[in-house]
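Enquirer: Compact mmCIF, C-alpha atoms, saved as my_file.txt, coming up:
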# COMPACT_ATOMS: atom_id res chain seq x y z
CA MET U 1 5.91 -67.24 -9.23
CA SER U 2 7.03 -70.65 -10.52
CA ASN U 3 9.69 -69.15 -12.75
CA PRO U 4 12.74 -67.95 -10.73
CA LEU U 5 13.57 -65.44 -13.47
CA GLU U 6 10.20 -63.71 -13.22
CA GLN U 7 11.41 -61.71 -10.22
CA PHE U 8 13.75 -59.79 -12.52
CA VAL U 9 11.04 -58.59 -14.92
CA ILE U 10 10.77 -54.80 -15.03
CA LYS U 11 7.12 -53.80 -14.78
CA PRO U 12 5.73 -50.28 -15.35
CA ILE U 13 3.94 -48.69 -12.42
CA ILE U 14 3.15 -45.37 -14.08
CA PRO U 15 3.20 -45.80 -17.89
CA ILE U 16 4.77 -42.77 -19.57
CA LYS U 17 5.61 -42.39 -23.24
CA ALA U 18 7.13 -39.34 -24.88
CA GLU U 19 7.33 -39.28 -28.68
CA GLY U 20 7.37 -43.06 -28.85
CA ILE U 21 10.03 -43.42 -26.15
CA ASP U 22 9.04 -45.43 -23.09
CA ILE U 23 10.08 -43.53 -19.94
CA SER U 24 7.65 -45.25 -17.60
CA PHE U 25 8.11 -45.20 -13.84
CA THR U 26 8.86 -48.87 -13.11
CA ASN U 27 9.42 -51.13 -10.15
CA SER U 28 13.14 -50.64 -10.75
CA SER U 29 12.74 -46.86 -10.53
CA LEU U 30 10.67 -47.26 -7.36
CA PHE U 31 13.33 -49.25 -5.53
CA MET U 32 16.06 -46.88 -6.64
CA LEU U 33 14.09 -44.06 -5.00
CA LEU U 34 13.42 -46.24 -1.96
CA SER U 35 17.13 -46.95 -1.64
CA VAL U 36 17.90 -43.23 -1.59
CA ALA U 37 15.01 -42.58 0.81
CA VAL U 38 16.13 -45.28 3.25
CA VAL U 39 19.68 -43.90 3.31
CA PHE U 40 18.36 -40.37 3.88
CA LEU U 41 16.04 -41.47 6.69
CA LEU U 42 18.72 -43.61 8.32
CA PHE U 43 21.25 -40.79 8.51
CA THR U 44 18.59 -38.29 9.52
CA PHE U 45 17.65 -40.56 12.41
CA CYS U 46 21.25 -41.35 13.40
CA LEU U 47 22.35 -37.71 13.34
CA ARG U 48 19.28 -36.11 14.87
CA HIS U 49 21.18 -35.45 18.14
CA ARG U 50 24.85 -34.90 17.35
CA THR U 51 27.17 -34.94 20.33
CA ILE U 52 30.93 -35.10 20.90
CA ILE U 53 30.50 -38.47 22.58
CA PRO U 54 28.39 -40.31 19.99
CA SER U 55 25.27 -42.21 20.92
CA ARG U 56 24.64 -45.71 19.58
CA SER U 57 22.69 -44.39 16.60
CA GLN U 58 25.28 -41.71 15.86
CA SER U 59 27.99 -44.37 16.02
CA ILE U 60 26.35 -46.20 13.11
CA SER U 61 26.72 -43.22 10.77
CA GLU U 62 30.24 -42.50 12.02
CA CYS U 63 31.30 -46.11 11.49
CA ILE U 64 30.04 -46.02 7.90
CA TYR U 65 31.83 -42.69 7.38
CA LEU U 66 35.11 -44.03 8.77
CA PHE U 67 34.76 -47.22 6.76
CA VAL U 68 34.39 -45.41 3.43
CA SER U 69 37.05 -42.81 4.25
CA GLY U 70 39.41 -45.68 5.08
CA LEU U 71 38.75 -47.26 1.70
CA ILE U 72 39.56 -43.97 -0.01
CA LYS U 73 42.79 -43.43 1.94
CA ASP U 74 43.96 -47.01 1.33
CA ASN U 75 43.19 -47.11 -2.40
CA ILE U 76 43.59 -43.49 -3.53
CA GLY U 77 45.46 -41.68 -0.79
CA PRO U 78 44.69 -38.58 1.31
CA ASP U 79 44.09 -36.57 -1.89
CA GLY U 80 41.12 -38.78 -2.65
CA LEU U 81 39.15 -37.47 0.33
CA LYS U 82 38.05 -34.47 -1.73
CA TYR U 83 35.96 -36.96 -3.74
CA PHE U 84 34.51 -38.55 -0.58
CA SER U 85 30.93 -37.49 -1.34
CA PHE U 86 30.90 -39.33 -4.65
CA ILE U 87 32.41 -42.56 -3.30
CA PHE U 88 30.25 -42.42 -0.17
CA SER U 89 27.06 -42.03 -2.24
CA LEU U 90 28.15 -44.81 -4.58
CA PHE U 91 28.72 -47.25 -1.72
CA LEU U 92 25.44 -46.51 0.04
CA PHE U 93 23.36 -46.62 -3.15
CA VAL U 94 24.72 -50.02 -4.16
CA ALA U 95 24.69 -51.48 -0.63
CA PHE U 96 21.11 -50.50 0.16
CA GLY U 97 19.96 -51.44 -3.33
CA ASN U 98 21.39 -54.92 -2.74
CA MET U 99 19.90 -55.28 0.74
CA LEU U 100 16.46 -53.92 -0.15
CA GLY U 101 16.28 -56.50 -2.91
CA LEU U 102 16.42 -59.25 -0.29
CA THR U 103 13.21 -58.14 1.41
CA PRO U 104 9.97 -59.96 0.45
CA TYR U 105 8.24 -58.75 -2.73
CA ALA U 106 11.10 -56.34 -3.43
CA PHE U 107 12.88 -55.71 -6.72
CA THR U 108 16.67 -55.86 -7.01
CA PHE U 109 17.67 -53.15 -9.47
CA THR U 110 21.36 -54.02 -8.97
CA SER U 111 20.71 -57.33 -10.73
CA HIS U 112 20.08 -55.50 -14.02
CA VAL U 113 22.99 -54.73 -16.31
CA THR U 114 21.27 -51.57 -17.58
CA ALA U 115 20.94 -49.99 -14.12
CA VAL U 116 24.37 -50.99 -12.86
CA GLY U 117 25.98 -50.29 -16.23
CA THR U 118 24.62 -46.74 -16.27
CA LEU U 119 26.01 -46.20 -12.78
CA SER U 120 29.39 -47.61 -13.84
CA LEU U 121 29.48 -45.39 -16.94
CA LEU U 122 28.78 -42.35 -14.76
CA ALA U 123 31.66 -43.43 -12.53
CA LEU U 124 33.91 -43.74 -15.59
CA LEU U 125 32.95 -40.28 -16.86
CA PHE U 126 33.56 -38.89 -13.39
CA ASN U 127 37.02 -40.50 -13.31
CA ILE U 128 37.91 -39.13 -16.75
CA SER U 129 36.76 -35.60 -15.83
CA VAL U 130 38.70 -35.72 -12.57
CA GLY U 131 41.79 -37.04 -14.37
CA ILE U 132 41.66 -34.30 -17.00
CA LYS U 133 41.09 -31.62 -14.36
CA LYS U 134 43.98 -32.92 -12.24
CA ARG U 135 46.55 -33.74 -14.93
CA GLY U 136 45.44 -31.70 -17.94
CA TRP U 137 46.95 -32.95 -21.19
CA GLY U 138 49.03 -35.35 -19.11
CA TYR U 139 45.91 -37.49 -18.83
CA LEU U 140 46.57 -38.65 -22.39
CA ARG U 141 49.49 -40.59 -20.90
CA THR U 142 46.82 -43.05 -19.80
CA PHE U 143 46.81 -44.34 -23.38
CA MET U 144 50.58 -44.19 -23.85
CA PRO U 145 52.48 -44.84 -20.59
CA LYS U 146 55.94 -43.37 -20.09
CA GLY U 147 58.85 -45.50 -21.24
CA ILE U 148 56.98 -47.11 -24.13
CA PRO U 149 58.70 -46.55 -27.50
CA TRP U 150 56.57 -44.43 -29.83
CA PRO U 151 56.70 -47.00 -32.67
CA LEU U 152 54.59 -49.23 -30.41
CA ALA U 153 51.86 -46.58 -30.13
CA PRO U 154 49.54 -48.23 -32.75
CA LEU U 155 49.54 -51.34 -30.54
CA ILE U 156 49.60 -49.83 -27.04
CA VAL U 157 46.97 -47.08 -27.53
CA PRO U 158 44.16 -49.47 -28.59
CA ILE U 159 45.06 -51.84 -25.75
CA GLU U 160 44.95 -49.04 -23.15
CA THR U 161 41.72 -47.71 -24.64
CA ILE U 162 40.08 -51.13 -24.35
CA SER U 163 41.44 -51.43 -20.81
CA LEU U 164 39.84 -48.10 -19.86
CA LEU U 165 36.50 -48.93 -21.43
CA SER U 166 36.44 -52.39 -19.86
CA LYS U 167 36.44 -50.95 -16.33
CA PRO U 168 32.71 -50.17 -16.18
CA PHE U 169 32.04 -53.55 -17.83
CA SER U 170 33.94 -55.38 -15.08
CA LEU U 171 32.11 -53.42 -12.36
CA THR U 172 28.73 -54.11 -13.94
CA VAL U 173 29.06 -57.82 -14.68
CA ARG U 174 30.50 -58.68 -11.27
CA LEU U 175 27.73 -56.97 -9.33
CA ALA U 176 24.78 -57.91 -11.56
CA ALA U 177 25.84 -61.56 -11.89
CA ASN U 178 26.25 -62.04 -8.14
CA MET U 179 22.89 -60.47 -7.35
CA THR U 180 21.10 -62.47 -10.07
CA VAL U 181 22.55 -65.85 -9.12
CA GLY U 182 21.88 -65.30 -5.41
CA HIS U 183 18.24 -64.42 -5.95
CA ILE U 184 17.65 -67.34 -8.31
CA MET U 185 19.06 -69.70 -5.70
CA LEU U 186 16.82 -68.21 -3.00
CA LYS U 187 13.76 -68.55 -5.25
CA ILE U 188 14.48 -72.20 -5.98
CA LEU U 189 14.99 -73.00 -2.29
CA ALA U 190 11.77 -71.17 -1.43
CA GLY U 191 9.97 -73.42 -3.91
CA PHE U 192 11.31 -76.47 -2.08
CA VAL U 193 9.98 -75.10 1.22
CA VAL U 194 6.45 -74.88 -0.22
CA GLY U 195 6.58 -78.11 -2.21
CA LEU U 196 7.91 -80.38 0.53
CA SER U 197 5.20 -79.45 3.04
CA VAL U 198 6.17 -81.08 6.39
CA LEU U 199 9.69 -81.81 5.25
CA GLY U 200 9.95 -78.19 4.15
CA ALA U 201 11.44 -77.34 7.56
CA ILE U 202 14.82 -78.58 6.35
CA PRO U 203 15.01 -76.40 3.21
CA LEU U 204 13.44 -73.57 5.26
CA LEU U 205 16.35 -73.69 7.69
CA PHE U 206 18.82 -73.90 4.82
CA SER U 207 17.04 -71.06 3.01
CA SER U 208 17.27 -68.89 6.13
CA CYS U 209 21.02 -69.48 6.23
CA ILE U 210 21.25 -68.56 2.56
CA VAL U 211 19.32 -65.33 3.17
CA ALA U 212 21.74 -64.37 5.96
CA PHE U 213 24.63 -65.23 3.66
CA GLU U 214 23.08 -63.16 0.86
CA PHE U 215 22.94 -60.12 3.15
CA PHE U 216 26.66 -60.59 3.71
CA ILE U 217 27.18 -60.91 -0.06
CA ALA U 218 25.10 -57.76 -0.62
CA VAL U 219 27.43 -55.70 1.58
CA LEU U 220 30.51 -57.48 0.23
CA GLN U 221 29.60 -56.70 -3.38
CA ALA U 222 29.02 -53.05 -2.48
CA PHE U 223 32.45 -53.09 -0.82
CA ILE U 224 34.12 -54.62 -3.90
CA TYR U 225 32.31 -52.20 -6.21
CA THR U 226 33.50 -49.25 -4.12
CA VAL U 227 37.08 -50.51 -3.81
CA LEU U 228 37.38 -50.99 -7.57
CA SER U 229 35.85 -47.54 -8.14
CA CYS U 230 38.47 -46.08 -5.80
CA ILE U 231 41.27 -47.92 -7.61
CA TYR U 232 40.06 -46.69 -11.01
CA LEU U 233 39.76 -43.15 -9.66
CA GLY U 234 43.28 -43.40 -8.28
CA ASP U 235 44.54 -44.51 -11.70
CA ALA U 236 42.89 -41.45 -13.26
CA LEU U 237 44.57 -39.15 -10.72
CA ARG U 238 48.05 -40.66 -10.79
CA GLY U 239 48.31 -42.34 -14.16
CA HIS U 240 50.83 -45.11 -14.82
If you convert what's in this file into structure tokens, what do you get?
Expert:
Amino acid sequence: MSNPLEQFVIKPIIPIKAEGIDISFTNSSLFMLLSVAVVFLLFTFCLRHRTIIPSRSQSISECIYLFVSGLIKDNIGPDGLKYFSFIFSLFLFVAFGNMLGLTPYAFTFTSHVTAVGTLSLLALLFNISVGIKKRGWGYLRTFMPKGIPWPLAPLIVPIETISLLSKPFSLTVRLAANMTVGHIMLKILAGFVVGLSVLGAIPLLFSSCIVAFEFFIAVLQAFIYTVLSCIYLGDALRGH
């Protein structure tokens, strides 16, 4: 591929159309399923022999568990642990989606605004449903915080509404942009490795460092995505 943007093209694997609507199984769908499968297999392997004194493999799953539970406690509080399953799944899905995209001939679905945006919208709907369930009609205070004079409602309510709706946008753009830029840079450097022949050892070494750095970025972006999701969920539970 000479074009560094070609790696982001969604290609159908199993073409499916229903009443004119394209619902084909694509390379993006494949790597979403692979991400879930890898997580399932990893935890199945790590927890195959559960003991009080954890083995090395069991320690991996426990460390991930403690890491995510710590994020929830720090950003939501102890009450947020009841939503651990959702946050835990969110973190693993994004993290493994990012890391799988760095393997050769893989597809990075987290670089697409549509995929990440849908996930962020689901997170927003989850936050709203949790907020309504927890606070009832008091959730409407999200759009009109306490202490604000009612004559300012025509100004404050639209601002707070835009603020709420911008949360999935901020989650989506941050993650998709970082994944896209990183992969474009890797593709360009890989082209230098091939084009420079003997002297390609220098860009090859540099490219290897970039790949290692991109793995760090992949986990970091999953961390940031999860932290912000926790903060937004905490706002829904507590309000202003």
Enquirer: Between U:Asn178, U:Thr172, U:Thr118, U:Thr108, which residue has the minimum interatomic distance to Glu6 in chain U, considering all atoms listed in the file?
Expert: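 When distances to Glu6 in chain U are compared using all atoms listed in the file, the smallest one comes from U:Thr108.
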Enquirer: For Ile217 in chain U, which of U:Val173, U:Met144, U:Leu102, U:Val130 is the closest residue, counting all atoms listed in the file?
Expert: U:Leu102
Enquirer: Might you pull out every residue within 12 Å of Lys82 in chain U, with only C-alpha atoms counted and same-chain residues fewer than 5 positions away left off, and present them as a ChimeraX atom specification?
Expert: /U:69,72-73,76-77,87-88,130,233
Enquirer: Could you state the separation of CA of Phe216 in chain U and CA of Leu34 in chain U in Å, given to one decimal place?
Expert: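 So the two atoms, CA of Phe216 in chain U and CA of Leu34 in chain U, lie 20.3 Å apart.
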Enquirer: How many Å lie between CA of Trp150 in chain U and CA of Leu164 in chain U, rounded to one decimal?
Expert: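 So the two atoms, CA of Trp150 in chain U and CA of Leu164 in chain U, lie 19.8 Å apart.
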Enquirer: Identify which of the residues U:Leu66, U:Cys230, U:Ile159, U:Leu92 lies closest to Leu42 in chain U, counting all atoms listed in the file when measuring atom-to-atom distances.
Expert: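 Closest to Leu42 in chain U of all the choices is U:Leu92.
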Enquirer: Smallest atom-to-atom distance to Leu33 in chain U: which of U:Thr161, U:Cys63, U:Leu71, U:Phe93, using all atoms listed in the file?
Expert: U:Phe93
Enquirer: Find, counting all atoms listed in the file, the residue in U:Thr142, U:Ser35, U:Thr51, U:Gln7 that gets nearest to Ser89 in chain U.
Expert: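 Selected residue with least distance to Ser89 in chain U: U:Ser35.
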Enquirer: Rounded to one decimal in Å, what is the spacing between CA of Leu90 in chain U and CA of Tyr225 in chain U?
Expert: 8.6 Å
Enquirer: Select, from U:Leu125, U:Ile162, U:Val181, U:Ala190, the residue with the minimum atom-to-atom distance to Thr110 in chain U, counting all atoms listed in the file.
Expert: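 Among the listed residues, U:Val181 lies closest to Thr110 in chain U.
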Enquirer: Residues of range 88-181 of chain U within 9 Å of range 25-31 of chain U: nearest atom pair and distance (Å, one decimal) for each, counting all atoms listed in the file, sorted by chain and number, as a Markdown table?
Expert:
| residue | atom | partner | partner_atom | distance |
| --- | --- | --- | --- | --- |
| U:Gly97 | CA | U:Phe31 | CA | 7.3 |
| U:Leu100 | CA | U:Phe31 | CA | 7.8 |
| U:Gly101 | CA | U:Phe31 | CA | 8.3 |
| U:Ala106 | CA | U:Phe31 | CA | 7.7 |
| U:Phe107 | CA | U:Ser28 | CA | 6.5 |
| U:Thr108 | CA | U:Ser28 | CA | 7.3 |
| U:Phe109 | CA | U:Ser28 | CA | 5.3 |
| U:Ala115 | CA | U:Ser28 | CA | 8.5 |
Enquirer: For the selection just defined, write its residues with C-alpha atoms to a file, as a compact mmCIF listing (two decimals), in the coordinates of the input.
Expert:
# COMPACT_ATOMS: atom_id res chain seq x y z
CA GLY U 97 19.96 -51.44 -3.33
CA LEU U 100 16.46 -53.92 -0.15
CA GLY U 101 16.28 -56.50 -2.91
CA ALA U 106 11.10 -56.34 -3.43
CA PHE U 107 12.88 -55.71 -6.72
CA THR U 108 16.67 -55.86 -7.01
CA PHE U 109 17.67 -53.15 -9.47
CA ALA U 115 20.94 -49.99 -14.12
Enquirer: Skip Ser229 in chain U itself and residues of its chain fewer than 3 positions away, then list as a list in words all residues within 9 Å of it, counting all atoms listed in the file.
Expert: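 Counting all atoms listed in the file, the residues come to Ile87, Leu90, Ser120, Ala123, Leu124, Asn127, Lys167, Leu171, Ile224, Tyr225, Thr226, Tyr232, Leu233 and Gly234 of chain U.
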Enquirer: Hey, what's within 7 Å of Phe215 in chain U if we count only C-alpha atoms and toss same-chain stuff fewer than 4 positions away? As a list in words, please?
Expert: Met99, Val211 and Val219 of chain U
Enquirer: Would you pick out the contacts of Lys134 in chain U at 9 Å or less, using all atoms listed in the file, so that residues sharing its chain but fewer than 3 positions from it are not included, and give the list as a ChimeraX atom specification?
Expert: /U:129-131,138-139,236-238
